[in-house]
Amino acid sequence: MSETNPKFKVTIDGVEVEVDPGTTILNAARLIGGDVVPPAMCYYSSLQGSGGKCRTCLVEVSKGSEKDPRPMPKLVASCSTPIMDGMEVKNKSSEKVMDARAGVVEMLLINHPLDCPVCDQAGECHLQDLAYEHGKSTTRYEFERRTFDKVDIGEYIKLHMTRCILCYRCVYTANQLTDKREHGVLKRGDAAEIGTFIEKNLKNEFIGNVIDVCPVGALTDKTFRFRSRVWYTKPMDAHRDCKCCSGKAVVWMIGDEVARVTARKDQYGEVKEFICNECRFEKKDKSDWTIEGPRHIDRSSVISANHYEVEAPSHTPLLNKA
Amino acid sequence: MDRKLLLEHIGVEGIQTHDVYRKQGGYKAVEKALKSMSPDDIVEEVKKSGLRGRGGAGFPTGMKWSFIAKPEGVPRHLLCNADESEPGTFKDRYLMEKIPHLLIEGMILSSYALGCNQSYIYIRGEYMYVLQILEKAIAEAYANGWLGKNIKGSGFDLDLAVSTGAGAYICGEETALIESLEGKRGNPRIKPPFPAVKGLWGRPTVVNNVETIAAVVPIVNEGGDAYAQIGIGRSTGTKLISASGNINKPGVYEITMGITVEEFIYSDTYCGGMKNGKKLKACVPGGSSVPILPHYLVCKTAAGEDRLMSYESLSDGGFATGSMLGSGGFIVYDEDQCIVRNTWNFSRFYHHESCGQCSPCREGTGWMEKVLHRLEYGHGKMEDIDLLWDIQRKIEGNTICPLGDAAAWPVAAAIRHFREEFEWHVNEPKLCTTKNYGLVTEKKFEPVNA
């Protein structure tokens with residue numbers, strides 16, 4: 001910590017960490033890692049403008065800063081609130097936060113179809129994980145859930161709006177890829193839906209990444225739909241020479257067959273290196289890829305249930321606690 | 001007691017036109033300001049006047065203006081929020097329709113104070129005919145040299161344009177208004193950064209309500225101190241109140257802050273008492289978002305003092321026994337009305353108007369509406385009342401913009417003060433579908449004047 005670059009001190013659930021000015025509470029918590037990290041359904045580090053919408057990452061700021069120690073009157077979205085020097089944040093240690101979070105999870109689920117048994121995302125769904133941790137096993141919602149027709153977005157992507165939680169991640173992805181605002185949100189309130197304006201196909205060669213950024217099963221890969229449950233496939237790190245992207249991907253194998261290809265996600269489910277449509281949808285032969293070895297999957301994930309890793313790959317946390 | 005500052009000349013024939021407005025002393029404030037006042041002088045006068053935002057939140061305008069960032073070489077913008085869509089509020093429409101030049105004069109003064117050379121009036125899409133009135137008035141102002149380059153030889157340039165919304169309540173939220181004005185979907189932005197730092201096209205921006213901007217004209221004319229003399233405590237000046245409901249004379253009234261609520265409802269100068277001699281049951285004093293007050297808390301606070309038409313007195317007692325002045329949409333209910341039906345109606349509005357960006361509001365408003373619909377139409381259960389309470393609690397304070405709070409407060413207040421009415425709907429599932437609660441109950445209201 002050099003003096004030319006002053007660091008801000010922030011305490012989250014009693015754990016202190018020093019971060020650069022301008023860091024958000026969520027990213028500071030991710031530097032600590034573990035239990036203090038609030039869940040995030042809409043924030044995505046590499047997507048400019050994302051965050052603040054799902055409200056699952058709400059935290060309590062019990063001390064504003066060293067200069068102004070007053071607590072913040074409302075819970076704040078940790079993904080979009082920058083830290084101040086001396087800030088004290090309560091996540092899991094605050095009852096208010098846990099109560100609000102349970103409320104948000106309930107809200108997210110009241111219109112969700114809960115069709116996990118037939119949903120391709122099951123097993124790697126953020127909403128599933130969130131509901132498992134914070135949700136209840138029964139619902140108080142006794143009305144008809146909203147439904148939409150399934151829509152094809154281009155040749156390879158299926159949009160099933162009924163499952164969507166309107167995190168806007170795919171909108172930001174498409175906005176950063178295409179220049180004409182072709183993919184966005186139509187209508188408003190609980191009738192709002194993701195749509196390609198006037199049923200336009202998105203022809204960008206990176207558009208397949210909307211599948212990876214989708215936290216739920218609203219956007220799925222048509223080349224993989226209904227082929228297998230993810231936990232029956234074996235994820236392998238693989239790469240190929242690609243003119244278009246880095247070519248670094250994860251291939252999900254059933255026996256010797258490549259069932260699907262995704263980008264590599266970190267422990268928060270975020271892709272750092274996006275892959276192109278060709279790698280994702282068209283290279284479905286084992287000979288297309290150089291297999292590096294098994295993909296590290298968190299032990300708590302259902303995907304790691306049926307296979308053991310040959311060797312533990314280097315999967316370093318963002319900051320090693322000294 | 002009844003000073004008219006904004007609506008003084010409202011009755012003059014042809015006040016909509018520039019020439020008549022000018023004859024009545026219009027644009028005098030602009031002349032005075034451009035000749036003898038610096039921009040900072042105006043900000044100072046507004047600060048002294050104690051003027052508070054008239055759109056609902058009541059934030060001190062002078063302070064808001066002093067927050068605007070002034071980086072070198074970056075243009076600043078003033079936006080007038082004429083997206084008045086709160087149920088029960090119609091004062092801005094009246095003002096713009098009847099005396100459009102007052103708003104334009106206020107815009108010139110405020111833009112001058114803030115150093116803006118391009119200002120906008122954002123008007124709601126449903127006010128199409130008001131848009132035509134405003135555009136005509138702006139054209140007249142250009143023709144007479146009040147707008148454009150080098151206004152009256154002062155060296156100050158100002159262009160003023162009107163932009164319309166497309167019928168979304170949410171675009172009255174200042175950052176959603178900015179998004180909409182930029183041509184995007186009207187979703188509120190996440191704050192910080194606040195518009196004073198990064199607003200329209202990333203430039204420092206101030207968004208003010210129509211009435212706030214119009215009030216700058218008398219402040220410049222008479223001075224901030226004189227304006228601060230009117231009113232009571234920190235509620236200075238006059239306020240336009242849109243009175244509606246079961247009263248004899250609904251309409252827009254300019255009141256001096258600090259008159260009693262009792263006078264406002266029962267005096268012939270204002271609402272003229274309850275219609276058909278009915279008894280007062282409840283009152284929403286500040287537009288549909290604010291908590292409803294039961295009859296025993298309308299004219300008196302919980303402490304037994306007279307309730308006044310002011311920011312402080314109406315919110316006396318917090319949400320437990322008070323409400324808010326809000327935007328001044330004063331809705332009065334007589335004994336025949338059904339609070340459950342009214343709450344459902346408000347809830348339906350917020351459900352329809354939620355932008356759908358953040359989860360608690362998107363899902364919660366629809367849920368509340370459905371539960372209230374069920375209660376109103378005789379399919380409710382006793383647990384529904386607690387369920388409603390829980391839903392509103394989960395929405396309030398957890399959303400990006402205040403629409404979530406605005407949807408939660410009326411439901412919370414209705415349950416807090418009129419719980420027996422909700423219970424009656426559950427106990428009388430057949431009767432409640434055919435008759436209003438107020439019409440069938442023998443409940444007697446204490447006369448308010450006693």
# chains A, B, ... in the order shown; residues from 1 in each chain; ligands from 1
>>> residues_around(residues="Ile254 of chain A", least_positions_apart="4", cutoff="9 Å", atoms="only C-alpha atoms", output="count of residues only")
6
>>> closest_atom_pairs(of="chain B", to="chain A", cutoff="7 Å", atoms="only C-alpha atoms", output="Markdown table")
| residue | atom | partner | partner_atom | distance |
| --- | --- | --- | --- | --- |
| B:Ile190 | CA | A:Gly52 | CA | 6.6 |
| B:His351 | CA | A:Gly189 | CA | 6.7 |
| B:His352 | CA | A:Gly189 | CA | 6.5 |
| B:Glu353 | CA | A:Gly189 | CA | 6.5 |
| B:Ser354 | CA | A:Gly189 | CA | 4.5 |
| B:Cys355 | CA | A:Gly189 | CA | 4.6 |
| B:Gly356 | CA | A:Gly189 | CA | 3.7 |
| B:Gln357 | CA | A:Lys53 | CA | 5.9 |
| B:Cys358 | CA | A:Lys53 | CA | 4.3 |
| B:Ser359 | CA | A:Cys54 | CA | 5.3 |
| B:Pro360 | CA | A:Val104 | CA | 5.8 |
| B:Arg362 | CA | A:Gly189 | CA | 5.1 |
| B:Glu363 | CA | A:Met107 | CA | 5.6 |
| B:Gly364 | CA | A:Met107 | CA | 6.4 |
| B:Gly366 | CA | A:Asp190 | CA | 7.0 |
| B:Lys394 | CA | A:Gly103 | CA | 5.5 |
| B:Gly397 | CA | A:Lys74 | CA | 6.0 |
| B:Asn398 | CA | A:Leu75 | CA | 6.6 |
>>> write_last_selection(atoms="all heavy atoms", output="CSV table (one decimal), in the first residue's frame")
chain,number,residue,atom,x,y,z
B,190,ILE,N,-29.5,4.8,-11.3
B,190,ILE,CA,-29.1,4.5,-10.0
B,190,ILE,C,-28.2,5.7,-9.5
B,190,ILE,O,-27.3,6.2,-10.2
B,190,ILE,CB,-28.3,3.2,-10.0
B,190,ILE,CG1,-29.2,2.1,-10.3
B,190,ILE,CG2,-27.6,3.0,-8.7
B,190,ILE,CD1,-28.6,1.0,-11.2
B,351,HIS,N,-49.2,-0.3,-10.0
B,351,HIS,CA,-48.9,-1.6,-10.7
B,351,HIS,C,-48.7,-1.3,-12.2
B,351,HIS,O,-47.8,-1.7,-12.8
B,351,HIS,CB,-50.0,-2.6,-10.5
B,351,HIS,CG,-49.9,-3.8,-11.3
B,351,HIS,ND1,-50.9,-4.5,-11.8
B,351,HIS,CD2,-48.8,-4.5,-11.8
B,351,HIS,CE1,-50.5,-5.6,-12.5
B,351,HIS,NE2,-49.2,-5.5,-12.5
B,352,HIS,N,-49.6,-0.5,-12.7
B,352,HIS,CA,-49.5,-0.1,-14.1
B,352,HIS,C,-48.3,0.8,-14.4
B,352,HIS,O,-47.8,0.7,-15.5
B,352,HIS,CB,-50.8,0.6,-14.5
B,352,HIS,CG,-51.0,0.9,-15.9
B,352,HIS,ND1,-51.0,2.2,-16.4
B,352,HIS,CD2,-51.0,0.1,-17.0
B,352,HIS,CE1,-51.1,2.1,-17.7
B,352,HIS,NE2,-51.1,0.9,-18.1
B,353,GLU,N,-47.9,1.6,-13.5
B,353,GLU,CA,-46.9,2.6,-13.7
B,353,GLU,C,-45.5,2.1,-13.3
B,353,GLU,O,-44.5,2.8,-13.6
B,353,GLU,CB,-47.2,3.9,-13.1
B,353,GLU,CG,-48.5,4.6,-13.6
B,353,GLU,CD,-48.4,4.9,-15.1
B,353,GLU,OE1,-47.3,5.0,-15.6
B,353,GLU,OE2,-49.5,5.1,-15.7
B,354,SER,N,-45.3,1.0,-12.6
B,354,SER,CA,-44.0,0.6,-12.3
B,354,SER,C,-43.2,0.3,-13.5
B,354,SER,O,-43.7,-0.3,-14.5
B,354,SER,CB,-44.1,-0.7,-11.5
B,354,SER,OG,-42.9,-1.3,-11.3
B,355,CYS,N,-41.9,0.8,-13.5
B,355,CYS,CA,-41.2,0.6,-14.7
B,355,CYS,C,-40.7,-0.8,-14.9
B,355,CYS,O,-40.3,-1.2,-16.0
B,355,CYS,CB,-40.0,1.6,-14.7
B,355,CYS,SG,-38.6,1.1,-13.8
B,356,GLY,N,-40.6,-1.6,-13.9
B,356,GLY,CA,-40.2,-3.0,-14.0
B,356,GLY,C,-38.7,-3.2,-13.9
B,356,GLY,O,-38.2,-4.2,-14.3
B,357,GLN,N,-38.0,-2.2,-13.5
B,357,GLN,CA,-36.6,-2.3,-13.4
B,357,GLN,C,-36.1,-3.1,-12.2
B,357,GLN,O,-35.4,-4.0,-12.3
B,357,GLN,CB,-36.0,-0.9,-13.4
B,357,GLN,CG,-34.5,-0.9,-13.8
B,357,GLN,CD,-33.9,0.5,-13.7
B,357,GLN,OE1,-32.8,0.7,-14.2
B,357,GLN,NE2,-34.6,1.4,-13.1
B,358,CYS,N,-36.6,-2.7,-11.0
B,358,CYS,CA,-36.1,-3.5,-9.9
B,358,CYS,C,-37.2,-4.4,-9.3
B,358,CYS,O,-38.4,-4.1,-9.3
B,358,CYS,CB,-35.5,-2.5,-8.8
B,358,CYS,SG,-36.5,-1.2,-8.2
B,359,SER,N,-36.7,-5.5,-8.8
B,359,SER,CA,-37.6,-6.6,-8.5
B,359,SER,C,-38.7,-6.3,-7.5
B,359,SER,O,-39.9,-6.6,-7.7
B,359,SER,CB,-36.9,-7.8,-8.0
B,359,SER,OG,-35.5,-7.7,-8.4
B,360,PRO,N,-38.4,-5.6,-6.3
B,360,PRO,CA,-39.5,-5.5,-5.3
B,360,PRO,C,-40.7,-4.7,-5.8
B,360,PRO,O,-41.9,-5.1,-5.6
B,360,PRO,CB,-38.8,-4.7,-4.2
B,360,PRO,CG,-37.4,-4.9,-4.4
B,360,PRO,CD,-37.2,-5.1,-5.8
B,362,ARG,N,-41.5,-4.1,-9.2
B,362,ARG,CA,-42.1,-4.8,-10.3
B,362,ARG,C,-43.0,-5.9,-9.9
B,362,ARG,O,-44.2,-5.9,-10.4
B,362,ARG,CB,-41.0,-5.4,-11.2
B,362,ARG,CG,-41.5,-6.2,-12.4
B,362,ARG,CD,-40.4,-6.8,-13.2
B,362,ARG,NE,-39.7,-7.8,-12.5
B,362,ARG,CZ,-38.4,-7.9,-12.3
B,362,ARG,NH1,-37.6,-6.9,-12.7
B,362,ARG,NH2,-37.8,-8.9,-11.6
B,363,GLU,N,-42.6,-6.7,-9.0
B,363,GLU,CA,-43.4,-7.9,-8.6
B,363,GLU,C,-44.4,-7.5,-7.5
B,363,GLU,O,-45.5,-7.9,-7.5
B,363,GLU,CB,-42.5,-9.0,-8.2
B,363,GLU,CG,-41.4,-9.4,-9.1
B,363,GLU,CD,-41.9,-10.0,-10.4
B,363,GLU,OE1,-43.2,-10.3,-10.5
B,363,GLU,OE2,-41.1,-10.2,-11.4
B,364,GLY,N,-43.9,-6.6,-6.6
B,364,GLY,CA,-44.7,-6.3,-5.4
B,364,GLY,C,-45.9,-5.5,-5.7
B,364,GLY,O,-47.0,-5.7,-5.1
B,366,GLY,N,-47.7,-5.5,-8.4
B,366,GLY,CA,-48.7,-6.3,-9.0
B,366,GLY,C,-49.4,-7.2,-8.0
B,366,GLY,O,-50.6,-7.5,-8.0
B,394,LYS,N,-41.8,-5.0,2.5
B,394,LYS,CA,-40.7,-5.5,1.7
B,394,LYS,C,-40.4,-4.6,0.5
B,394,LYS,O,-39.3,-4.7,0.0
B,394,LYS,CB,-41.0,-6.9,1.2
B,394,LYS,CG,-41.2,-8.0,2.3
B,394,LYS,CD,-39.9,-8.5,2.7
B,394,LYS,CE,-39.9,-9.3,4.0
B,394,LYS,NZ,-40.7,-10.5,4.0
B,397,GLY,N,-38.5,1.3,0.7
B,397,GLY,CA,-37.1,1.6,1.0
B,397,GLY,C,-36.1,0.7,0.3
B,397,GLY,O,-34.9,0.9,0.3
B,398,ASN,N,-36.6,-0.4,-0.4
B,398,ASN,CA,-35.7,-1.3,-1.0
B,398,ASN,C,-35.6,-1.1,-2.5
B,398,ASN,O,-35.1,-2.0,-3.2
B,398,ASN,CB,-36.2,-2.8,-0.7
B,398,ASN,CG,-36.0,-3.1,0.7
B,398,ASN,OD1,-35.2,-2.4,1.5
B,398,ASN,ND2,-36.6,-4.1,1.2
>>> atom_distance(atom1="atom CA of Pro204 of chain B", atom2="atom CA of Ala69 of chain B")
5.8 Å
>>> closest_atom_pairs(of="segment 331-402 of chain B", to="segment 252-276 of chain B", cutoff="10 Å", atoms="only C-alpha atoms", output="CSV")
residue,atom,partner,partner_atom,distance
B:Val332,CA,B:Met274,CA,8.4
B:Tyr333,CA,B:Met274,CA,8.8
B:Asp334,CA,B:Met274,CA,7.3
>>> select_by_dssp(residues="segment 83-267 of chain A", states="strand (DSSP E)", output="PyMOL selection string")
chain A and resi 87-90+151-153+157-159+183-186+193-196+219-221+234-239+248-254+257-262
>>> closest_residue(among="A:Glu278, A:Glu60, A:Glu124, A:Glu182", to="Ile153 of chain A", atoms="only C-alpha atoms")
A:Glu182
>>> closest_residue(among="B:Glu105, B:Asp19, B:Asp405, B:Asp306", to="Glu31 of chain B", atoms="only C-alpha atoms")
B:Glu105
>>> closest_residue(among="B:Cys361, B:Ile10, B:Ala282, B:Ala33", to="Cys299 of chain B", atoms="only C-alpha atoms")
B:Ala282
>>> residues_around(residues="Leu6 of chain B", least_positions_apart="6", cutoff="12 Å", atoms="only C-alpha atoms", output="ChimeraX atom specification")
/B:26,91-92,94-96,98-103,105-106,210-219,221,237-240,252-256
>>> residues_around(residues="Leu181 of chain B", least_positions_apart="2", cutoff="8 Å", atoms="only C-alpha atoms", output="tab-separated table (two decimals) with C-alpha atoms, in the first residue's frame")
chain	number	residue	atom	x	y	z
B	122	TYR	CA	-40.66	18.04	-20.09
B	163	SER	CA	-40.44	17.88	-24.98
B	165	GLY	CA	-43.37	12.20	-22.57
B	177	LEU	CA	-37.16	12.13	-16.93
B	178	ILE	CA	-33.58	12.71	-18.02
B	179	GLU	CA	-33.38	9.25	-19.62
B	183	GLY	CA	-34.60	9.44	-26.04
B	184	LYS	CA	-34.21	6.28	-24.01
B	200	LEU	CA	-28.75	15.19	-19.06
>>> residues_around(residues="Asp237 of chain A", least_positions_apart="2", cutoff="7 Å", atoms="only C-alpha atoms", output="PyMOL selection string")
chain A and resi 235+249-251+291-295
>>> residues_around(residues="Tyr311 of chain B", least_positions_apart="6", cutoff="12 Å", atoms="only C-alpha atoms", output="ChimeraX atom specification")
/B:51-54,56-60,231-239,257-259,285-286,318,322-328
>>> select_by_dssp(residues="segment 191-354 of chain B", states="alpha helix (DSSP H)", output="number ranges by chain")
B: 210-222, 224-229, 261-266, 295-298, 311-314, 318-321, 339-353
>>> decode(residues="segment 123-155 of chain A", atoms="C-alpha atoms", output="mmCIF file, in the first residue's frame")
data_model
loop_
_atom_site.group_PDB
_atom_site.id
_atom_site.type_symbol
_atom_site.label_atom_id
_atom_site.label_comp_id
_atom_site.auth_asym_id
_atom_site.auth_seq_id
_atom_site.Cartn_x
_atom_site.Cartn_y
_atom_site.Cartn_z
ATOM 1 C CA GLY A 123 -27.807 -26.962 -11.654
ATOM 2 C CA GLU A 124 -26.072 -23.781 -12.694
ATOM 3 C CA CYS A 125 -28.890 -21.344 -12.065
ATOM 4 C CA HIS A 126 -28.188 -18.376 -9.827
ATOM 5 C CA LEU A 127 -31.828 -18.028 -8.901
ATOM 6 C CA GLN A 128 -31.892 -21.644 -7.806
ATOM 7 C CA ASP A 129 -28.877 -21.082 -5.568
ATOM 8 C CA LEU A 130 -30.347 -17.880 -4.210
ATOM 9 C CA ALA A 131 -33.701 -19.475 -3.478
ATOM 10 C CA TYR A 132 -31.979 -22.427 -1.837
ATOM 11 C CA GLU A 133 -30.165 -20.097 0.520
ATOM 12 C CA HIS A 134 -32.740 -17.418 1.199
ATOM 13 C CA GLY A 135 -36.079 -18.679 -0.005
ATOM 14 C CA LYS A 136 -38.887 -20.576 1.614
ATOM 15 C CA SER A 137 -40.293 -23.909 0.510
ATOM 16 C CA THR A 138 -43.809 -22.572 0.171
ATOM 17 C CA THR A 139 -45.259 -19.573 -1.587
ATOM 18 C CA ARG A 140 -47.795 -17.018 -0.449
ATOM 19 C CA TYR A 141 -48.596 -16.078 -4.023
ATOM 20 C CA GLU A 142 -51.906 -17.554 -5.086
ATOM 21 C CA PHE A 143 -52.463 -15.959 -8.460
ATOM 22 C CA GLU A 144 -51.717 -16.990 -11.983
ATOM 23 C CA ARG A 145 -48.086 -16.429 -12.874
ATOM 24 C CA ARG A 146 -47.253 -14.378 -15.894
ATOM 25 C CA THR A 147 -46.307 -16.323 -18.974
ATOM 26 C CA PHE A 148 -44.938 -15.459 -22.382
ATOM 27 C CA ASP A 149 -44.488 -17.324 -25.642
ATOM 28 C CA LYS A 150 -41.031 -18.617 -26.378
ATOM 29 C CA VAL A 151 -39.143 -16.599 -28.949
ATOM 30 C CA ASP A 152 -36.153 -17.394 -31.138
ATOM 31 C CA ILE A 153 -33.441 -14.794 -31.060
ATOM 32 C CA GLY A 154 -31.519 -15.704 -34.145
ATOM 33 C CA GLU A 155 -30.563 -19.169 -35.159
#
